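> Coordinates in coords34.cif, mmCIF, C-alpha atoms and all ligand atoms, are listed below.
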```cif
data_start
loop_
_atom_site.label_atom_id
_atom_site.label_comp_id
_atom_site.auth_asym_id
_atom_site.auth_seq_id
_atom_site.Cartn_x
_atom_site.Cartn_y
_atom_site.Cartn_z
CA MET A 1 4.89 -52.13 -77.27
CA ALA A 2 5.54 -49.37 -74.71
CA CYS A 3 9.15 -49.02 -73.64
CA ALA A 4 9.92 -48.17 -69.99
CA TYR A 5 13.03 -46.19 -70.88
CA SER A 6 14.01 -43.70 -73.60
CA ARG A 7 15.67 -45.19 -76.68
CA ARG A 8 18.77 -43.01 -76.33
CA THR A 9 21.70 -45.24 -75.43
CA VAL A 10 23.81 -44.20 -72.47
CA ARG A 11 27.25 -44.90 -71.00
CA ILE A 12 27.09 -45.38 -67.25
CA GLY A 13 30.09 -45.49 -64.94
CA VAL A 14 29.86 -47.42 -61.65
CA LEU A 15 32.17 -47.02 -58.67
CA THR A 16 32.31 -48.31 -55.09
CA ALA A 17 33.73 -45.96 -52.44
CA GLY A 18 34.45 -46.10 -48.70
CA GLY A 19 34.34 -49.34 -46.71
CA ASP A 20 33.04 -52.44 -48.46
CA CYS A 21 29.97 -54.42 -47.46
CA PRO A 22 28.16 -57.53 -48.68
CA GLY A 23 25.95 -56.80 -51.69
CA LEU A 24 28.18 -54.38 -53.63
CA ASN A 25 28.68 -56.90 -56.43
CA ALA A 26 24.92 -57.46 -56.65
CA VAL A 27 24.43 -53.73 -57.37
CA ILE A 28 27.23 -53.70 -59.96
CA ARG A 29 25.74 -56.76 -61.64
CA ALA A 30 22.23 -55.28 -61.67
CA VAL A 31 23.40 -52.03 -63.31
CA ALA A 32 25.49 -53.93 -65.85
CA ARG A 33 22.79 -56.43 -66.72
CA ALA A 34 20.18 -53.69 -67.13
CA CYS A 35 22.59 -51.87 -69.47
CA ILE A 36 23.33 -54.97 -71.51
CA GLU A 37 19.60 -55.71 -71.80
CA ALA A 38 18.85 -52.20 -73.10
CA GLY A 39 21.87 -51.87 -75.39
CA ASP A 40 23.56 -49.37 -73.06
CA GLU A 41 27.12 -49.50 -71.80
CA ALA A 42 28.33 -49.98 -68.22
CA ILE A 43 31.87 -49.06 -67.27
CA GLY A 44 33.35 -50.19 -63.96
CA ILE A 45 35.55 -47.59 -62.30
CA ARG A 46 38.31 -49.01 -60.11
CA ARG A 47 38.88 -47.96 -56.49
CA GLY A 48 36.15 -45.36 -56.11
CA TYR A 49 36.71 -41.76 -57.18
CA GLN A 50 40.43 -42.48 -57.50
CA GLY A 51 39.73 -44.62 -60.55
CA LEU A 52 37.66 -41.84 -62.07
CA ALA A 53 40.43 -39.27 -61.57
CA GLU A 54 42.98 -41.72 -62.97
CA ARG A 55 40.65 -43.15 -65.60
CA THR A 56 41.24 -46.77 -64.65
CA TYR A 57 38.27 -48.76 -65.85
CA LEU A 58 36.94 -52.28 -66.16
CA PRO A 59 34.32 -52.94 -68.84
CA LEU A 60 31.20 -54.40 -67.23
CA ASP A 61 30.12 -56.98 -69.78
CA GLU A 62 28.43 -60.37 -69.53
CA ARG A 63 31.72 -62.00 -68.63
CA THR A 64 32.92 -59.62 -65.90
CA VAL A 65 29.60 -59.60 -64.04
CA SER A 66 28.98 -63.32 -64.35
CA GLY A 67 28.97 -65.30 -61.08
CA ILE A 68 29.32 -62.31 -58.74
CA LEU A 69 25.81 -62.00 -57.27
CA HIS A 70 26.68 -64.01 -54.19
CA LEU A 71 30.21 -62.68 -53.69
CA GLY A 72 31.11 -60.33 -50.85
CA GLY A 73 33.53 -57.44 -51.37
CA THR A 74 33.59 -55.56 -54.66
CA ILE A 75 35.08 -56.62 -58.00
CA LEU A 76 35.87 -52.92 -58.58
CA GLN A 77 37.72 -52.56 -55.26
CA THR A 78 37.18 -49.48 -53.21
CA SER A 79 39.01 -46.51 -51.71
CA SER A 80 38.29 -43.44 -49.65
CA PHE A 81 39.79 -41.10 -52.27
CA GLU A 82 38.24 -37.61 -51.96
CA PRO A 83 38.46 -35.50 -55.15
CA PHE A 84 38.13 -32.25 -53.15
CA ARG A 85 40.82 -33.19 -50.65
CA GLU A 86 43.13 -34.60 -53.33
CA GLY A 87 42.76 -31.65 -55.70
CA ALA A 88 41.34 -34.03 -58.27
CA VAL A 89 37.99 -32.40 -59.10
CA GLU A 90 39.27 -31.20 -62.48
CA ALA A 91 40.60 -34.67 -63.32
CA VAL A 92 37.19 -36.16 -62.48
CA LYS A 93 35.44 -33.59 -64.71
CA VAL A 94 37.81 -34.31 -67.60
CA ALA A 95 37.30 -38.06 -67.23
CA ILE A 96 33.52 -37.75 -67.32
CA ALA A 97 33.60 -35.43 -70.35
CA GLU A 98 36.28 -37.17 -72.41
CA ASP A 99 35.09 -40.69 -71.65
CA ARG A 100 31.53 -39.57 -72.49
CA LEU A 101 29.92 -40.82 -69.30
CA ASP A 102 26.25 -39.81 -69.20
CA ALA A 103 26.09 -40.71 -65.53
CA VAL A 104 28.27 -42.14 -62.80
CA ILE A 105 26.66 -44.26 -60.09
CA ALA A 106 28.59 -43.87 -56.83
CA ILE A 107 27.87 -46.65 -54.36
CA GLY A 108 28.96 -45.58 -50.88
CA GLY A 109 28.13 -44.59 -47.34
CA GLU A 110 27.04 -41.26 -45.88
CA HIS A 111 30.40 -39.61 -46.56
CA THR A 112 30.34 -40.71 -50.20
CA MET A 113 26.75 -39.48 -50.55
CA ALA A 114 27.75 -36.05 -49.17
CA MET A 115 30.79 -35.84 -51.47
CA THR A 116 28.77 -36.99 -54.48
CA GLY A 117 26.05 -34.43 -53.71
CA ARG A 118 28.67 -31.70 -53.48
CA LEU A 119 30.31 -32.72 -56.79
CA HIS A 120 26.91 -32.53 -58.42
CA ALA A 121 25.82 -29.26 -56.80
CA GLU A 122 29.09 -27.36 -57.20
CA GLU A 123 30.52 -28.87 -60.39
CA GLY A 124 27.37 -29.95 -62.19
CA LEU A 125 28.63 -33.53 -62.56
CA PRO A 126 26.10 -36.19 -63.65
CA LEU A 127 26.14 -38.30 -60.51
CA ILE A 128 23.76 -40.72 -58.81
CA GLY A 129 24.14 -42.20 -55.31
CA VAL A 130 23.41 -45.69 -54.04
CA PRO A 131 23.62 -46.06 -50.24
CA LYS A 132 25.56 -49.01 -48.82
CA THR A 133 26.91 -49.90 -45.39
CA ILE A 134 26.59 -52.56 -42.75
CA ASP A 135 25.90 -49.69 -40.29
CA ASN A 136 22.48 -48.78 -41.80
CA ASP A 137 23.18 -45.16 -40.91
CA VAL A 138 22.67 -43.39 -44.25
CA ALA A 139 19.94 -40.76 -43.92
CA GLY A 140 17.07 -40.67 -46.40
CA THR A 141 16.71 -44.41 -46.85
CA ASP A 142 15.02 -46.95 -44.58
CA ARG A 143 17.61 -49.65 -45.19
CA THR A 144 21.07 -49.96 -46.67
CA PHE A 145 22.16 -53.26 -48.15
CA GLY A 146 24.92 -55.03 -46.19
CA PHE A 147 23.10 -54.41 -42.92
CA ASP A 148 21.04 -57.60 -42.98
CA THR A 149 24.15 -59.71 -43.56
CA ALA A 150 26.03 -58.04 -40.70
CA VAL A 151 23.06 -58.56 -38.37
CA GLN A 152 22.85 -62.22 -39.35
CA THR A 153 26.59 -62.71 -38.77
CA ALA A 154 26.38 -61.04 -35.36
CA THR A 155 23.27 -63.03 -34.45
CA ASP A 156 24.98 -66.31 -35.37
CA ALA A 157 27.90 -65.32 -33.13
CA ILE A 158 25.57 -64.48 -30.21
CA ASP A 159 23.83 -67.84 -30.63
CA ARG A 160 27.19 -69.59 -30.35
CA LEU A 161 28.22 -67.51 -27.36
CA HIS A 162 24.98 -68.39 -25.56
CA THR A 163 25.80 -72.08 -25.32
CA THR A 164 29.34 -71.61 -24.05
CA ALA A 165 28.30 -68.80 -21.68
CA GLN A 166 25.67 -71.07 -20.19
CA SER A 167 28.11 -73.97 -19.76
CA HIS A 168 30.58 -71.82 -17.79
CA ASP A 169 28.30 -69.39 -15.91
CA ARG A 170 29.97 -66.48 -17.69
CA VAL A 171 29.02 -63.01 -18.74
CA MET A 172 29.86 -62.53 -22.43
CA VAL A 173 30.33 -59.02 -23.77
CA VAL A 174 30.03 -58.95 -27.58
CA GLU A 175 31.26 -55.90 -29.47
CA VAL A 176 29.67 -55.22 -32.84
CA MET A 177 30.37 -52.54 -35.45
CA GLY A 178 28.10 -49.67 -36.47
CA ARG A 179 30.30 -46.61 -36.03
CA ASN A 180 28.26 -43.95 -34.19
CA THR A 181 24.96 -45.79 -34.39
CA GLY A 182 23.60 -48.89 -32.72
CA TRP A 183 21.59 -50.42 -35.57
CA ILE A 184 23.59 -53.67 -35.69
CA ALA A 185 23.71 -53.92 -31.89
CA VAL A 186 19.97 -53.47 -31.42
CA HIS A 187 18.94 -55.78 -34.23
CA ALA A 188 21.45 -58.55 -33.48
CA GLY A 189 20.78 -58.14 -29.76
CA LEU A 190 17.05 -58.52 -30.27
CA ALA A 191 17.45 -61.49 -32.61
CA GLY A 192 20.03 -63.15 -30.35
CA GLY A 193 18.12 -62.61 -27.10
CA ALA A 194 20.70 -60.32 -25.49
CA ASP A 195 20.34 -59.58 -21.78
CA TRP A 196 21.55 -56.04 -22.29
CA ILE A 197 22.28 -53.86 -25.33
CA VAL A 198 24.47 -50.76 -25.15
CA ILE A 199 24.33 -48.28 -28.04
CA PRO A 200 25.82 -44.84 -28.81
CA GLU A 201 22.40 -43.18 -28.95
CA VAL A 202 21.66 -43.81 -25.25
CA ASP A 203 24.02 -43.34 -22.30
CA THR A 204 23.91 -46.42 -20.08
CA PRO A 205 25.62 -46.11 -16.70
CA ILE A 206 27.73 -49.17 -15.92
CA GLU A 207 25.93 -49.61 -12.60
CA GLU A 208 22.61 -50.03 -14.43
CA ILE A 209 23.99 -52.89 -16.52
CA ALA A 210 25.68 -54.51 -13.51
CA ALA A 211 22.47 -54.31 -11.48
CA GLY A 212 20.57 -55.93 -14.34
CA ILE A 213 23.04 -58.78 -14.53
CA ARG A 214 22.97 -59.27 -10.74
CA ARG A 215 19.15 -59.41 -10.79
CA ARG A 216 19.25 -61.95 -13.57
CA HIS A 217 21.69 -64.16 -11.68
CA GLU A 218 19.58 -63.85 -8.50
CA ARG A 219 16.70 -65.25 -10.56
CA GLY A 220 18.80 -68.33 -11.25
CA LYS A 221 20.22 -67.36 -14.63
CA ASP A 222 23.93 -68.01 -14.27
CA PHE A 223 25.07 -66.46 -17.53
CA SER A 224 24.41 -63.24 -19.43
CA ILE A 225 25.03 -61.81 -22.89
CA VAL A 226 25.74 -58.09 -23.27
CA VAL A 227 25.87 -56.67 -26.80
CA VAL A 228 27.71 -53.38 -27.16
CA ALA A 229 28.08 -51.18 -30.24
CA GLU A 230 31.65 -50.06 -30.91
CA GLY A 231 30.64 -46.39 -30.72
CA ALA A 232 28.79 -46.65 -27.38
CA LEU A 233 30.12 -44.50 -24.55
CA LEU A 234 31.56 -45.98 -21.38
CA CYS A 235 29.60 -44.28 -18.59
CA VAL A 236 31.27 -44.76 -15.21
CA ASP A 237 30.75 -42.60 -12.11
CA GLY A 238 29.14 -39.79 -14.09
CA GLU A 239 31.90 -39.71 -16.73
CA ARG A 240 31.26 -40.54 -20.39
CA ARG A 241 34.11 -41.77 -22.54
CA GLN A 242 34.43 -43.00 -26.11
CA ILE A 243 36.93 -45.83 -26.42
CA ARG A 244 39.09 -45.86 -29.53
CA ALA A 245 41.20 -48.61 -31.08
CA SER A 246 43.95 -46.07 -31.76
CA GLU A 247 44.56 -42.36 -31.87
CA GLU A 248 44.76 -42.56 -35.66
CA THR A 249 41.74 -41.60 -37.69
CA GLY A 250 40.28 -43.62 -40.54
CA ASP A 251 40.36 -42.65 -44.21
CA TYR A 252 37.64 -40.00 -44.04
CA GLY A 253 38.90 -38.66 -40.72
CA TYR A 254 36.55 -40.83 -38.65
CA PRO A 255 37.86 -41.92 -35.25
CA ARG A 256 38.99 -45.56 -35.33
CA LEU A 257 36.59 -47.22 -32.90
CA GLY A 258 37.02 -50.47 -30.99
CA GLY A 259 37.78 -51.61 -27.46
CA ILE A 260 34.56 -50.68 -25.64
CA ALA A 261 33.82 -54.36 -24.88
CA VAL A 262 37.13 -54.81 -23.08
CA ALA A 263 36.61 -51.62 -21.09
CA LEU A 264 33.01 -52.53 -20.28
CA ALA A 265 33.96 -56.05 -19.16
CA ALA A 266 36.70 -54.69 -16.88
CA GLU A 267 34.14 -52.44 -15.17
CA LEU A 268 31.40 -55.09 -15.03
CA GLU A 269 33.31 -58.01 -13.56
CA PRO A 270 34.13 -56.43 -10.16
CA ARG A 271 30.57 -55.06 -9.93
CA THR A 272 28.89 -58.43 -10.54
CA GLY A 273 31.47 -60.92 -9.31
CA PHE A 274 30.86 -63.06 -12.40
CA GLU A 275 33.62 -64.04 -14.78
CA THR A 276 33.29 -61.79 -17.81
CA ARG A 277 34.72 -62.52 -21.27
CA VAL A 278 34.93 -60.45 -24.42
CA THR A 279 34.31 -61.18 -28.11
CA VAL A 280 34.99 -58.51 -30.73
CA LEU A 281 33.38 -59.41 -34.05
CA GLY A 282 35.15 -56.75 -36.14
CA HIS A 283 35.42 -57.06 -39.90
CA VAL A 284 33.87 -60.55 -39.92
CA GLN A 285 30.61 -58.58 -40.04
CA ARG A 286 31.63 -56.90 -43.28
CA GLY A 287 32.95 -59.86 -45.22
CA GLY A 288 31.49 -62.85 -46.99
CA THR A 289 28.34 -63.82 -48.76
CA PRO A 290 25.36 -61.43 -48.65
CA THR A 291 22.11 -62.81 -47.29
CA ALA A 292 19.23 -63.39 -49.72
CA THR A 293 17.56 -60.23 -48.36
CA ASP A 294 20.67 -58.16 -49.10
CA ARG A 295 21.07 -59.64 -52.57
CA ILE A 296 17.50 -58.69 -53.42
CA LEU A 297 17.78 -55.21 -51.88
CA ALA A 298 21.10 -54.55 -53.65
CA THR A 299 19.63 -55.72 -56.94
CA ARG A 300 16.68 -53.34 -56.48
CA TYR A 301 19.08 -50.47 -55.75
CA GLY A 302 21.08 -51.28 -58.89
CA ILE A 303 18.03 -51.43 -61.14
CA LYS A 304 16.66 -48.19 -59.68
CA ALA A 305 19.99 -46.40 -60.16
CA TYR A 306 20.12 -47.61 -63.76
CA ALA A 307 16.60 -46.30 -64.38
CA MET A 308 17.57 -42.94 -62.86
CA ALA A 309 20.65 -42.74 -65.11
CA LYS A 310 18.62 -43.61 -68.17
CA ALA A 311 15.97 -41.03 -67.29
CA GLY A 312 18.60 -38.34 -66.60
CA GLU A 313 17.55 -38.14 -62.95
CA LEU A 314 20.89 -36.87 -61.68
CA GLY A 315 22.07 -35.44 -58.36
CA ALA A 316 19.81 -37.97 -56.66
CA MET A 317 20.12 -41.07 -54.49
CA ALA A 318 18.16 -44.29 -54.83
CA ALA A 319 16.36 -44.84 -51.54
CA LEU A 320 14.09 -47.43 -49.93
CA ARG A 321 10.96 -45.87 -48.47
CA GLY A 322 8.67 -48.49 -47.00
CA SER A 323 8.58 -51.11 -49.70
CA GLU A 324 9.16 -48.64 -52.55
CA MET A 325 12.38 -47.69 -54.32
CA VAL A 326 12.39 -43.95 -54.91
CA ALA A 327 14.82 -41.24 -56.01
CA ILE A 328 15.55 -38.45 -53.54
CA PRO A 329 17.78 -35.38 -54.08
CA LEU A 330 21.30 -35.89 -52.74
CA SER A 331 20.96 -32.44 -51.16
CA GLU A 332 18.37 -33.97 -48.80
CA VAL A 333 20.70 -36.74 -47.62
CA GLU A 334 22.03 -35.06 -44.51
CA GLY A 335 23.66 -36.33 -41.35
CA VAL A 336 23.50 -39.79 -39.91
CA LYS A 337 20.38 -41.90 -39.36
CA THR A 338 20.33 -42.97 -35.72
CA VAL A 339 18.51 -45.94 -34.23
CA ASP A 340 14.76 -45.91 -33.94
CA LEU A 341 14.60 -46.16 -30.14
CA ALA A 342 11.38 -48.16 -30.32
CA TYR A 343 13.63 -51.14 -31.10
CA LEU A 344 15.63 -50.58 -27.91
CA GLU A 345 12.41 -50.28 -25.91
CA LEU A 346 11.30 -53.59 -27.35
CA ALA A 347 14.63 -55.18 -26.40
CA ARG A 348 14.40 -53.76 -22.85
CA THR A 349 11.46 -56.08 -22.19
CA PHE A 350 13.99 -58.88 -22.14
CA PHE A 351 16.77 -57.19 -20.17
CA SER A 352 17.83 -58.74 -16.84
O1 LIG B 401 31.19 -48.19 -41.85
C1 LIG B 401 31.44 -49.55 -41.80
C2 LIG B 401 32.44 -49.86 -40.73
O2 LIG B 401 32.68 -51.26 -40.75
C3 LIG B 401 32.09 -49.38 -39.33
O3 LIG B 401 31.12 -50.18 -38.72
C4 LIG B 401 33.44 -49.38 -38.68
O4 LIG B 401 33.51 -48.46 -37.61
C5 LIG B 401 34.33 -48.95 -39.79
O5 LIG B 401 33.67 -49.23 -41.00
C6 LIG B 401 35.67 -49.59 -39.81
O6 LIG B 401 36.37 -49.04 -40.85
P1 LIG B 401 37.82 -49.52 -41.29
O7 LIG B 401 37.64 -50.86 -41.95
O8 LIG B 401 38.25 -48.48 -42.25
O9 LIG B 401 38.65 -49.58 -40.07
#
```
How would this structure read if it were set down as structure tokens?

Amino acid sequence: MACAYSRRTVRIGVLTAGGDCPGLNAVIRAVARACIEAGDEAIGIRRGYQGLAERTYLPLDERTVSGILHLGGTILQTSSFEPFREGAVEAVKVAIAEDRLDAVIAIGGEHTMAMTGRLHAEEGLPLIGVPKTIDNDVAGTDRTFGFDTAVQTATDAIDRLHTTAQSHDRVMVVEVMGRNTGWIAVHAGLAGGADWIVIPEVDTPIEEIAAGIRRRHERGKDFSIVVVAEGALLCVDGERRQIRASEETGDYGYPRLGGIAVALAAELEPRTGFETRVTVLGHVQRGGTPTATDRILATRYGIKAYAMAKAGELGAMAALRGSEMVAIPLSEVEGVKTVDLAYLELARTFFS
């Protein structure tokens, strides 16, 4: 009988880096189960690249990956440890050589993909990337797992806000995550029937939103839902401003976003005369059980990454293109994938 993979057995390390998202455990499970099935070995690496530098491992056997498919978070835990920044590149090289890892699968966002690509290109390390994030902003792939769950969570919240907004004739401003992209905002806004969606990719003057809400209320609709992405700019009187939760930066030096909904509401209320309330969804979007769609997508990513490791297809990222799982060079994974504006155009049909 033909065998899909070579008969050489391999040892594959798996790590999760950067922020967590629903579906990480489904990828870990898929890699581990594929290894067990083929007589290969899967080694869990704790807390991202930190665990590789420190050689802190968790064997991924039948027992450790049992019952985790539906769990949010990551059984391996995660960190934003950067081998280059921490002077730990040598430690990572030693770990891979001495612990005889044929490949390490790094599951992470765009920053992790860039770092993993650099470790492969500059140090020749046997690395493979798997893109994750609720933000759906990793270039080179159509969809990251975690995104569908975040959109569903945000949509459920918008549904709930609709009924209370309607009861009280209120404008509800809902802030969703997404860093510098509006994927979650546009998708949840479309699914939830938002009356306006504000995203980082498109400057929206406050007066435009206020006029839309006023028109809507003139038509007899006494409530409105505005969905705003955390990275959207506040555009008032010709000035554009990013609102931050604090002056501190996040682990990879990203600005810590948050607060745009409060700022937007404060500008909207006097312009419309309607009571305006704010809901910030925050990390609720990142936690909890992955949707069925995310579990399946994450499982496909895990199986593809395993096949790439087994075939020695290194320095590459598993990617979804259309309905196909493919391998693309990590060197081609550049920048951030911004929203397809056709979705915003579609949503505009329902504004005001
Ligand atoms: O990248 C995922 C994400 O949840 C973004 O949407 C958000 O801006 C950021 O992470 C928050 O990161 P942290 O949990 O480190 O504050």
> Near Val339 in chain A, counting all atoms listed in the file, which residues have an atom at most 7 Å away, once you skip same-chain residues fewer than 3 positions from it, shown as a ChimeraX atom specification?
/A:181-183
> With all atoms listed in the file as the atoms that count, which of A:Ala17, A:Ala106, A:Ala305, A:Ala327 lies nearest to ligand LIG 401 (chain B)?
A:Ala17
> Neighbouring residues of Ala194 in chain A were defined as those with any atom within 7 Å, considering only C-alpha atoms; residues of the same chain fewer than 6 positions away were excluded. Please report them as a PyMOL selection string.
chain A and resi 225-227
> Skipping near chain neighbours, those fewer than 5 positions away, what residues fall within 9 Å of Val202 in chain A using only C-alpha atoms, listed as a PyMOL selection string?
chain A and resi 232-233+341
> Can you list every residue of range 63-131 of chain A that has an atom at most 9 Å from range 240-259 of chain A, with its nearest atom pair and the distance in Å to one decimal, using all atoms listed in the file, ordered by chain then number, as JSON lines?

```
{"residue": "A:Ser79", "atom": "CA", "partner": "A:Asp251", "partner_atom": "CA", "distance": 8.5}
{"residue": "A:Ser80", "atom": "CA", "partner": "A:Asp251", "partner_atom": "CA", "distance": 5.9}
{"residue": "A:Phe81", "atom": "CA", "partner": "A:Asp251", "partner_atom": "CA", "distance": 8.2}
{"residue": "A:Glu82", "atom": "CA", "partner": "A:Tyr252", "partner_atom": "CA", "distance": 8.3}
{"residue": "A:His111", "atom": "CA", "partner": "A:Tyr252", "partner_atom": "CA", "distance": 7.7}
```
> Store the residues of this selection in a file with C-alpha atoms, as a JSON list (two decimals), in the frame of the given file.

```json
[["chain", "number", "residue", "atom", "x", "y", "z"],
["A", 79, "SER", "CA", 39.01, -46.51, -51.71],
["A", 80, "SER", "CA", 38.29, -43.44, -49.65],
["A", 81, "PHE", "CA", 39.79, -41.10, -52.27],
["A", 82, "GLU", "CA", 38.24, -37.61, -51.96],
["A", 111, "HIS", "CA", 30.40, -39.61, -46.56]]
```
> When you look at range 308-320 of chain A with a cut-off of 6 Å (counting all atoms listed in the file), what residues show up, excluding the ones that are within fewer than 3 positions of it in the same chain? I need them as a list in words.
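Surrounding residues, per the criterion: Ala103, His120, Pro126, Leu127, Ile128, Gly129, Val130, Thr141, Asp142, Ala305, Glu324, Met325, Val326, Ala327, Ile328, Pro329 and Leu330 of chain A.
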> So for ligand LIG 401 (chain B), what box centre and size do we get, axis-aligned, 8 Å extra on each of the six sides, every listed atom, Å to one decimal, as AutoDock Vina command-line options?

```
--center_x 34.9 --center_y -49.7 --center_z -39.9 --size_x 23.5 --size_y 19.1 --size_z 20.6
```
> Check which residues fall inside 8 Å of ligand LIG 401 (chain B) when counting only C-alpha atoms and all ligand atoms, and print them as a PyMOL selection string.
chain A and resi 18-21+109+133-135+176-180+230-231+250-251+256-258+282-283+285-286
> Which residue out of A:Ala154, A:Ala139, A:Ala266, A:Ile303 has the minimum interatomic distance to Val27 in chain A when all atoms listed in the file are used?
A:Ile303
> What does the distance between CA of Pro22 in chain A and CA of Tyr301 in chain A come to in Å, to one decimal place?
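Going from CA of Pro22 in chain A over to CA of Tyr301 in chain A covers 13.5 Å.
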> Just give me the gap between CA of Phe84 in chain A and CA of Ile96 in chain A in Å, one decimal is fine.
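Separation between CA of Phe84 in chain A and CA of Ile96 in chain A: 15.9 Å.
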> Which neighbours of Gly72 in chain A fall inside 8 Å, counting all atoms listed in the file, when residues of the same chain fewer than 6 positions from it are skipped, and could you give them as a list in words?
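Residues near the query, excluding close chain neighbours: Cys21, Pro22, Gly23, Leu24, Asn25, Gly287, Gly288, Thr289 and Pro290 of chain A.
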> Give the answer as one residue: which of A:Ile184, A:Ala263, A:Gly73, A:Leu119 has the shortest atom-to-atom distance to Thr144 in chain A, using all atoms listed in the file?
A:Ile184
> Pick from A:Cys35, A:Leu344, A:Leu52, A:Leu15: nearest to Trp196 in chain A, with all atoms listed in the file counted?
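Among A:Cys35, A:Leu344, A:Leu52, A:Leu15, it is A:Leu344 that comes nearest to Trp196 in chain A.
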> Give me, please, the distance in Å between CA of Thr164 in chain A and CA of Gly192 in chain A, quoted to one decimal.
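The value is 14.1 Å.
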